[in-house]
Every structure is written in C-alpha cells, then in structure tokens.
Amino acid sequence: RLRPAMFGNILVVGGTANLPGLRDRLQMEIQALAPAGTAVRVVVPEEHRPEFSAWMGATRQLDQWQVSREKYHELGPDRIVAHFDQLK
C-alpha cells in the first residue's frame with residue numbers, strides 16, 4: 001500500500017533539481033521501473049528555489065531540537081540526551 005503512494009509523491013530538491021530536463025528524465029525512468037499501472041509523479045518545488053527545500057523543511061523541526069543554555073543547566077546533560085533520544 002505504501003509503495004504506490006511513494007511513487008506518486010517524489011520530490012526532487014537540492015541544487016541538481018535545477019538541471020534542465022532532470023524532472024522529466026526522472027519521471028520517465030522511474031515510470032519504467034514502477035509496477036504496471038502505478039502512477040508516478042515527480043515534482044520540483046516551484047514556490048521557492050529547490051536548493052533550499054531541504055533546509056526549509058528542517059527549519060520546521062528546529063523548535064523541538066533547540067535547547068537554551070538555561071534549560072541545559074537546569075536539566076543537566078543526561079536529561080538533555082534522554083530528551084533527544086525520544087525524538088528519534
């Protein structure tokens with residue numbers, strides 16, 4: 001069930017996403033490898049430059065990974081490590 005959804009939602013990010021014809025080539029080659037009848041959709045983000053897409057996605061997660069100096073001193077290193085282990 002998951003594979004068809006993954007074939008239908010391929011996002012190309014990074015500097016190479018700007019290469020002319022890359023999206024079309026990936027679309028064609030992945031479609032050839034996918035099981036018959038599987039919809040393949042390859043997308044390059046248009047709302048912002050694709051070379052920044054991975055960074056922008058990571059910044060959405062940044063709040064849960066930030067620890068202030070005060071919080072670190074309050075909880076101590078062992079509790080901070082345990083906190084990050086829970087986020088994995």
# chains A, B, ... in the order shown; residues from 1 in each chain; ligands from 1
>>> select_by_dssp(residues="chain A", states="strand (DSSP E or B)", output="VMD selection string")
chain A and resid 10 to 11 42 to 43
>>> write_last_selection(atoms="C-alpha atoms", output="compact mmCIF listing (two decimals), in the first residue's frame")
# COMPACT_ATOMS: atom_id res chain seq x y z
CA ILE A 10 8.54 12.04 -5.43
CA LEU A 11 10.00 15.43 -4.53
CA VAL A 42 7.98 13.68 -9.85
CA VAL A 43 7.80 17.26 -8.57
>>> select_by_dssp(residues="chain A", states="alpha helix (DSSP H)", output="number ranges by chain")
A: 2-7, 22-33, 53-59, 62-65, 69-75, 77-87
>>> atom_distance(atom1="atom CA of Pro35 of chain A", atom2="atom CA of Met6 of chain A")
12.4 Å
>>> residues_around(residues="Val40 of chain A", least_positions_apart="2", cutoff="7 Å", atoms="only C-alpha atoms", output="NGL selection string")
:A and (7-8 or 27 or 31 or 38 or 42)
>>> residues_around(residues="Arg49 of chain A", least_positions_apart="6", cutoff="10 Å", atoms="only C-alpha atoms", output="PyMOL selection string")
chain A and resi 13-15+17-18
>>> atom_distance(atom1="atom CA of Asn9 of chain A", atom2="atom CA of Met56 of chain A")
18.2 Å
>>> atom_distance(atom1="atom CA of Phe84 of chain A", atom2="atom CA of Leu62 of chain A")
12.2 Å
